[in-house]
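Chemist: What follows is the file target13.txt, containing compact mmCIF, C-alpha atoms and all ligand atoms:
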# COMPACT_ATOMS: atom_id res chain seq x y z
CA MET A 22 -22.96 10.12 9.53
CA THR A 23 -26.63 9.32 9.46
CA ASN A 24 -28.49 12.44 10.54
CA ILE A 25 -26.00 15.24 10.17
CA SER A 26 -23.35 15.69 7.50
CA TYR A 27 -19.69 15.94 8.48
CA GLU A 28 -19.57 19.57 7.30
CA GLU A 29 -22.60 20.48 9.43
CA ILE A 30 -20.94 19.22 12.62
CA TRP A 31 -18.40 22.06 12.31
CA THR A 32 -20.59 24.73 10.80
CA LYS A 33 -24.18 24.62 12.11
CA ASN A 34 -24.42 26.09 15.60
CA PHE A 35 -20.64 25.97 15.88
CA ASN A 36 -18.95 28.72 17.85
CA ASN A 37 -15.65 29.92 19.29
CA GLY A 38 -16.23 28.03 22.55
CA LEU A 39 -16.50 24.77 20.59
CA CYS A 40 -13.28 25.59 18.72
CA ILE A 41 -11.51 26.04 22.06
CA GLU A 42 -13.04 22.79 23.35
CA TYR A 43 -11.89 20.91 20.23
CA ASP A 44 -8.36 22.26 20.59
CA LYS A 45 -8.15 21.63 24.33
CA LYS A 46 -8.82 17.91 23.94
CA PHE A 47 -5.42 17.44 22.32
CA PHE A 48 -3.68 19.01 25.31
CA SER A 49 -5.76 17.56 28.15
CA ARG A 50 -6.54 13.96 27.13
CA PHE A 51 -3.67 11.55 26.98
CA GLU A 52 -4.91 9.46 24.06
CA LYS A 53 -5.33 12.54 21.88
CA ASN A 54 -2.12 14.19 23.08
CA ILE A 55 -0.04 11.13 22.14
CA LYS A 56 -1.41 11.30 18.60
CA HIS A 57 -0.93 15.06 18.42
CA LEU A 58 2.72 14.86 19.53
CA GLU A 59 3.45 12.13 17.05
CA GLN A 60 1.98 14.16 14.19
CA LEU A 61 3.99 17.19 15.24
CA LYS A 62 7.23 15.23 15.40
CA ILE A 63 6.72 13.66 11.96
CA ILE A 64 5.61 16.81 10.16
CA ASN A 65 8.24 19.02 11.76
CA LYS A 66 10.89 17.39 9.56
CA TYR A 67 9.20 18.74 6.42
CA SER A 68 8.78 22.38 7.36
CA ASP A 69 11.35 25.15 7.75
CA ASP A 70 11.50 28.90 7.37
CA LYS A 71 11.30 28.63 3.55
CA THR A 72 8.13 26.51 3.53
CA VAL A 73 4.85 27.75 2.13
CA LEU A 74 2.48 25.58 4.12
CA LEU A 75 -1.18 24.71 3.70
CA ASP A 76 -3.13 23.10 6.54
CA PHE A 77 -6.41 21.93 4.97
CA PRO A 78 -8.78 21.57 6.77
CA VAL A 79 -7.04 23.72 9.32
CA GLY A 80 -9.42 23.33 12.29
CA THR A 81 -7.60 25.13 15.12
CA ALA A 82 -4.19 24.65 13.44
CA ARG A 83 -3.32 22.56 16.46
CA VAL A 84 -0.27 21.03 14.70
CA SER A 85 0.77 23.57 12.08
CA ARG A 86 0.81 26.55 14.43
CA TYR A 87 3.89 24.96 16.09
CA LEU A 88 5.77 24.49 12.79
CA LYS A 89 8.31 26.82 11.21
CA ALA A 90 7.19 28.21 7.85
CA LYS A 91 7.62 31.21 5.60
CA GLU A 92 3.87 31.45 5.03
CA LYS A 93 1.04 29.61 6.71
CA HIS A 94 -2.28 29.08 4.95
CA GLY A 95 -5.32 27.56 6.60
CA TYR A 96 -8.33 26.52 4.54
CA ASP A 97 -11.56 25.23 6.00
CA ILE A 98 -15.29 25.14 5.45
CA SER A 99 -16.05 26.46 8.95
CA ASP A 100 -16.19 30.22 9.54
CA GLU A 101 -15.46 29.68 13.23
CA PHE A 102 -12.25 27.75 12.66
CA ILE A 103 -11.16 30.28 10.06
CA ALA A 104 -11.69 33.12 12.54
CA PHE A 105 -9.86 31.08 15.20
CA VAL A 106 -6.64 30.61 13.16
CA LYS A 107 -6.50 34.19 11.90
CA LYS A 108 -5.10 35.17 15.29
CA PHE A 109 -2.05 32.96 14.60
CA GLY A 110 -1.34 34.93 11.40
CA TYR A 111 -2.79 32.42 8.93
CA HIS A 112 -3.85 33.36 5.42
CA THR A 113 -7.30 31.85 5.30
CA ASN A 114 -9.78 30.74 2.70
CA LYS A 115 -13.25 29.30 3.06
CA VAL A 116 -13.23 26.32 0.70
CA ASN A 117 -14.50 22.80 0.40
CA LEU A 118 -11.98 19.95 0.32
CA THR A 119 -13.45 18.91 -3.02
CA GLU A 120 -13.00 22.35 -4.57
CA ARG A 121 -10.32 22.92 -7.22
CA ILE A 122 -7.97 25.72 -6.20
CA LYS A 123 -5.90 26.89 -9.12
CA ASN A 124 -4.08 30.06 -8.17
CA LYS A 125 -1.78 28.91 -5.36
CA LYS A 126 0.77 26.09 -4.85
CA PHE A 127 2.49 24.93 -1.67
CA ASN A 128 5.67 23.17 -0.49
CA LEU A 129 3.76 21.32 2.21
CA VAL A 130 0.09 20.33 2.39
CA ILE A 131 -1.21 18.63 5.54
CA THR A 132 -4.63 17.03 6.01
CA LEU A 133 -5.08 15.55 9.45
CA HIS A 134 -7.83 13.83 11.35
CA THR A 135 -10.46 14.31 8.63
CA LEU A 136 -10.34 11.96 5.64
CA PHE A 137 -11.73 8.93 7.47
CA ALA A 138 -15.06 10.75 7.90
CA PHE A 139 -15.68 10.69 4.15
CA LYS A 140 -16.87 7.85 1.94
CA LYS A 141 -14.08 5.81 0.40
CA GLN A 142 -14.57 7.25 -3.09
CA ASN A 143 -14.66 10.81 -1.74
CA GLN A 144 -11.44 10.22 0.20
CA LEU A 145 -9.74 9.35 -3.07
CA GLU A 146 -11.18 12.40 -4.80
CA ILE A 147 -10.02 14.64 -1.96
CA ILE A 148 -6.43 13.36 -1.93
CA LYS A 149 -6.28 13.66 -5.71
CA ASN A 150 -7.51 17.22 -5.42
CA LEU A 151 -5.02 18.07 -2.67
CA SER A 152 -2.16 16.71 -4.77
CA THR A 153 -2.81 19.43 -7.38
CA LEU A 154 -1.89 22.02 -4.75
CA LEU A 155 1.74 20.92 -4.53
CA LYS A 156 4.78 22.62 -6.03
CA LYS A 157 7.44 20.40 -7.58
CA ASN A 158 9.11 18.42 -4.77
CA GLY A 159 6.30 19.52 -2.51
CA ILE A 160 5.23 17.18 0.29
CA MET A 161 1.71 16.04 1.14
CA ILE A 162 0.97 14.46 4.51
CA PHE A 163 -2.36 12.98 5.55
CA ASP A 164 -3.76 10.33 7.85
CA THR A 165 -6.64 7.96 7.35
CA TYR A 166 -7.93 4.69 8.75
CA ASN A 167 -5.77 1.58 8.61
CA LYS A 168 -7.97 -1.01 6.89
CA ASP A 169 -6.09 -3.86 8.59
CA TYR A 170 -7.11 -2.55 12.02
CA PHE A 171 -10.82 -3.22 11.55
CA TYR A 172 -11.94 -6.79 11.83
CA ASN A 173 -14.71 -7.90 9.45
CA ASP A 174 -18.07 -6.17 10.06
CA TYR A 175 -16.60 -3.82 12.69
CA LYS A 176 -19.31 -1.16 12.86
CA ASP A 177 -19.72 2.18 14.49
CA LYS A 178 -22.93 1.28 16.32
CA LYS A 179 -24.32 4.81 16.35
CA ASN A 180 -23.77 5.61 12.70
CA GLU A 181 -23.72 2.11 11.25
CA ILE A 182 -20.58 2.76 9.27
CA ASP A 183 -18.71 -0.34 8.19
CA PHE A 184 -15.20 1.00 8.62
CA LYS A 185 -13.46 -1.95 7.03
CA GLU A 186 -15.61 -1.62 3.92
CA ASN A 187 -15.20 2.16 3.86
CA SER A 188 -11.40 2.25 4.38
CA LEU A 189 -8.90 2.52 1.56
CA THR A 190 -6.03 0.07 1.30
CA THR A 191 -2.49 1.40 1.24
CA ALA A 192 -2.15 0.04 -2.31
CA GLU A 193 -5.26 1.96 -3.47
CA ILE A 194 -3.85 5.19 -2.07
CA ILE A 195 -0.35 4.71 -3.48
CA ASP A 196 -1.63 3.61 -6.92
CA THR A 197 -4.00 6.55 -7.21
CA LEU A 198 -1.41 9.14 -6.31
CA SER A 199 1.37 7.58 -8.37
CA THR A 200 -0.70 8.14 -11.53
CA LEU A 201 -0.61 11.85 -10.63
CA GLY A 202 3.17 11.98 -10.28
CA LEU A 203 3.40 11.54 -6.53
CA LYS A 204 5.95 9.23 -4.99
CA ASN A 205 5.22 7.57 -1.67
CA ARG A 206 7.97 8.35 0.85
CA TYR A 207 6.60 6.77 4.03
CA VAL A 208 3.56 5.00 5.44
CA ILE A 209 3.65 5.29 9.21
CA PRO A 210 1.33 3.27 11.50
CA HIS A 211 -0.41 5.80 13.71
CA ASP A 212 -2.92 6.29 16.50
CA ILE A 213 -2.89 3.23 18.69
CA LEU A 214 -4.52 4.62 21.84
CA ASP A 215 -7.29 6.96 20.73
CA ASN A 216 -9.46 3.96 20.16
CA LYS A 217 -13.13 4.31 20.95
CA TYR A 218 -13.44 0.84 22.44
CA LEU A 219 -10.30 1.10 24.56
CA ILE A 220 -11.30 4.52 25.88
CA ASP A 221 -14.89 3.37 26.62
CA TRP A 222 -13.47 0.41 28.49
CA LEU A 223 -11.07 2.61 30.49
CA HIS A 224 -13.97 4.89 31.44
CA LYS A 225 -16.00 1.92 32.60
CA LYS A 226 -13.14 0.84 34.79
CA LYS A 227 -12.88 4.41 36.09
CA ILE A 228 -9.11 4.37 35.70
CA TYR A 229 -9.04 6.81 32.79
CA ASN A 230 -8.65 9.88 35.02
CA ILE A 231 -5.80 8.33 36.98
CA ILE A 232 -3.93 7.37 33.80
CA ASN A 233 -4.61 10.79 32.33
CA ARG A 234 -3.25 12.54 35.41
CA ILE A 235 -0.11 10.42 35.56
CA TYR A 236 0.47 11.02 31.83
CA PHE A 237 0.44 14.81 32.17
CA ILE A 238 2.18 15.07 35.56
CA PHE A 239 5.11 12.96 34.37
CA LYS A 240 5.00 14.27 30.75
CA LEU A 241 4.92 10.76 29.31
CA GLY A 242 4.02 11.71 25.71
CA ASN A 243 7.36 11.23 23.98
CA MET A 244 8.24 8.15 26.02
CA ILE A 245 4.96 6.40 25.17
CA ASN A 246 5.34 7.36 21.51
CA PHE A 247 8.78 5.78 21.53
CA LEU A 248 7.47 2.52 23.01
CA ILE A 249 4.28 2.09 20.98
CA LYS A 250 6.01 2.14 17.62
CA TYR A 251 7.05 -1.49 18.24
CA PHE A 252 3.46 -2.83 18.16
CA PRO A 253 2.28 -4.91 15.15
CA GLN A 254 0.80 -2.72 12.41
CA LYS A 255 -2.75 -4.07 12.70
CA TYR A 256 -3.11 -2.52 16.19
CA TYR A 257 -2.87 1.03 14.85
CA MET A 258 -6.19 2.59 13.96
CA LYS A 259 -4.70 4.92 11.34
CA LYS A 260 -1.76 5.39 9.03
CA ILE A 261 0.09 8.58 8.16
CA TYR A 262 1.02 8.85 4.47
CA ILE A 263 3.84 11.01 3.18
CA PHE A 264 4.04 11.69 -0.58
CA GLU A 265 6.34 13.86 -2.67
CA LYS A 266 5.45 15.45 -6.00
CA VAL A 267 8.33 14.46 -8.28
C1 LIG B 1 -11.75 16.79 13.04
S1 LIG B 1 -11.49 18.40 12.42
C2 LIG B 1 -9.78 18.31 11.96
C3 LIG B 1 -9.11 19.66 12.02
C4 LIG B 1 -7.58 19.64 11.90
N1 LIG B 1 -7.16 19.18 10.60
C5 LIG B 1 -6.97 18.79 12.98
O1 LIG B 1 -6.20 17.87 12.67
O2 LIG B 1 -7.22 19.06 14.15
C6 LIG B 1 -12.34 18.36 10.86
C7 LIG B 1 -12.23 19.65 10.07
O3 LIG B 1 -12.73 19.47 8.74
C8 LIG B 1 -13.44 20.63 8.34
N2 LIG B 1 -14.31 20.19 7.24
C9 LIG B 1 -15.31 19.27 7.29
N3 LIG B 1 -15.80 19.06 6.06
C10 LIG B 1 -15.10 19.87 5.22
C11 LIG B 1 -15.16 20.10 3.80
N4 LIG B 1 -16.01 19.45 3.02
N5 LIG B 1 -14.29 20.99 3.27
C12 LIG B 1 -13.41 21.66 4.05
N6 LIG B 1 -13.30 21.48 5.39
C13 LIG B 1 -14.15 20.59 5.96
C14 LIG B 1 -14.11 21.05 9.62
O4 LIG B 1 -14.58 22.37 9.60
C15 LIG B 1 -12.99 20.81 10.64
O5 LIG B 1 -12.13 21.91 10.71
Written as structure tokens, that's how I'd like the structure from this file.

Modeler:
Amino acid sequence: MTNISYEEIWTKNFNNGLCIEYDKKFFSRFEKNIKHLEQLKIINKYSDDKTVLLDFPVGTARVSRYLKAKEKHGYDISDEFIAFVKKFGYHTNKVNLTERIKNKKFNLVITLHTLFAFKKQNQLEIIKNLSTLLKKNGIMIFDTYNKDYFYNDYKDKKNEIDFKENSLTTAEIIDTLSTLGLKNRYVIPHDILDNKYLIDWLHKKKIYNIINRIYFIFKLGNMINFLIKYFPQKYYMKKIYIFEKV
């Protein structure tokens, strides 16, 4: 980000109304809801009533609040999000993703919809740091940009970020975590429709609202998720990584 840091977006002048607005997007906009449902379906397999779960950064706990767990922990840098998730019974902690936390380990650590906002080197540091929070056989799940999705010199015009340059390869992620005793279980292509350019184009054509309405009236989430998994990998903007501490 050029003028404002990623942390500041969620901390400076941030309030409960903006938390609600952030959360609502995943339940009222089809492109975000598809992604949300897919994340829920994938992560659900790794959580049961014995799981000690950490959602970091927790945001509104939009995925983890629907999971079974023995204990739910939500860490974040934003006071507002922390206050928001307390009402779902979360144990909370105001910490930075780069901070070393020594006194607690988890069976499941999830980091969604966040890493891509950091510089490549910081993404690696964050996932290394998160891996230290796992118990033996603990599972870590995170998503980040799919480098193959971005054609050369694809730029975010507003912030001038070269996403291809700034994205990690799957090999870089797997190699880094394997040196820390983590085994890659799955890499899942993810997020095909919440694509800035596609959504901008749909808005220009003024058909977004019609598609959105049809999607929610006919509850098309799971059906679309079933169909889109057959697209070639390079069309997915992100990948979900699942690692186990062995
Ligand atoms: C896009 S939201 C994602 C929230 C949630 N994980 C989700 O999937 O909806 C980004 C989150 O990262 C948090 N955040 C940003 N920078 C952070 C940092 N350095 N350390 C901890 N949390 C941070 C924000 O407060 C916000 O909750």

Chemist: List all protein, DNA and RNA residues that have at least one atom no more than 9 Å from any atom of ligand LIG 1 (chain B), counting all atoms listed in the file, and write them as a PyMOL selection string.

Modeler: chain A and resi 26-32+40+43-44+47+57+76-84+96-103+115-120+131-136+138-139

Chemist: Fewer than 2 positions away in the same chain doesn't count, so skip those; otherwise give me all residues within 8 Å of Asp215 in chain A, counting all atoms listed in the file, as a list in words.

Modeler: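 Final neighbour list, sorted by chain and number: Glu52, Lys53, Lys56, Asp212, Ile213, Lys217, Leu219 and Ile220 of chain A.
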
Chemist: Using C-alpha atoms, can you write the selected residues to a file as a CSV table (one decimal), in the coordinates of the input?

Modeler:
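As written to disk, selection.csv reads:
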chain,number,residue,atom,x,y,z
A,52,GLU,CA,-4.9,9.5,24.1
A,53,LYS,CA,-5.3,12.5,21.9
A,56,LYS,CA,-1.4,11.3,18.6
A,212,ASP,CA,-2.9,6.3,16.5
A,213,ILE,CA,-2.9,3.2,18.7
A,217,LYS,CA,-13.1,4.3,21.0
A,219,LEU,CA,-10.3,1.1,24.6
A,220,ILE,CA,-11.3,4.5,25.9

Chemist: Between CA of Thr72 in chain A and CA of Lys91 in chain A, what is the spacing in Å?

Modeler: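 Separation of CA of Lys91 in chain A and CA of Thr72 in chain A: 5.2 Å.
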
Chemist: Could you give me, as a list of chain:residue names, the residues that have an atom at most 9 Å away from the point (-0.6, 21.4, -3.2) in the coordinates of the file, using only C-alpha atoms?

Modeler: A:Leu74, A:Leu75, A:Lys125, A:Lys126, A:Phe127, A:Asn128, A:Leu129, A:Val130, A:Asn150, A:Leu151, A:Ser152, A:Thr153, A:Leu154, A:Leu155, A:Lys156, A:Gly159, A:Ile160, A:Met161, A:Lys266

Chemist: Which residues are close to range 231-244 of chain A, i.e. within 7 Å by only C-alpha atoms, leaving aside same-chain residues fewer than 4 positions away? Reply as a PyMOL selection string.

Modeler: chain A and resi 50-51+55+248

Chemist: Quick one: distance from CA of Leu203 in chain A to CA of Val106 in chain A in Å, one decimal?

Modeler: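 So the two atoms, CA of Leu203 in chain A and CA of Val106 in chain A, lie 29.2 Å apart.
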
Chemist: Nearest to Tyr175 in chain A among A:Ile194, A:Phe247, A:Tyr218, A:Ile261, with distances taken over all atoms listed in the file: which residue is it?

Modeler: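 Checking each candidate against Tyr175 in chain A, we get A:Tyr218 as the closest.
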
Chemist: What does the distance from CA of His224 in chain A to CA of Ile63 in chain A come to in Å, to one decimal?

Modeler: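 Taking CA of His224 in chain A and CA of Ile63 in chain A, their separation equals 29.7 Å.
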
Chemist: Compare A:Leu58, A:Val73, A:Leu189, A:Ile228 by their minimum atom-to-atom distance to Lys260 in chain A, counting all atoms listed in the file, and give me the closest one.

Modeler: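 Smallest distance to Lys260 in chain A is found for A:Leu189.
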
Chemist: Please identify all polymer residues within 8 Å of Pro210 in chain A, counting all atoms listed in the file, omitting same-chain residues fewer than 4 positions from it, and present them as a PyMOL selection string.

Modeler: chain A and resi 167+250+254+257-261

Chemist: Quick one: of A:Ile263, A:Leu214, A:Ile182, A:Ala104, who's nearest to Ile64 in chain A, counting all atoms listed in the file?

Modeler: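 With all atoms listed in the file as the atom set, the closest residue is A:Ile263.
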
Chemist: With only C-alpha atoms as the basis for distance, which of A:Lys140, A:Lys62, A:His211, A:Lys46 is at the shortest distance from Phe252 in chain A?

Modeler: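 Closest candidate: A:His211.
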
Chemist: Please enclose the listed atoms of range 32-35 of chain A in an axis-aligned box, pad each side by 8 Å, and write out the centre and the three edge lengths in Å, rounded to one decimal, as lines of an AutoDock Vina configuration file.

Modeler:
center_x = -22.5
center_y = 25.4
center_z = 13.3
size_x = 19.8
size_y = 17.5
size_z = 21.1

Chemist: Which of these, A:Asp70, A:Asp169, A:Glu92, A:Asp196, has the shortest distance to Phe184 in chain A once you count all atoms listed in the file?

Modeler: A:Asp169
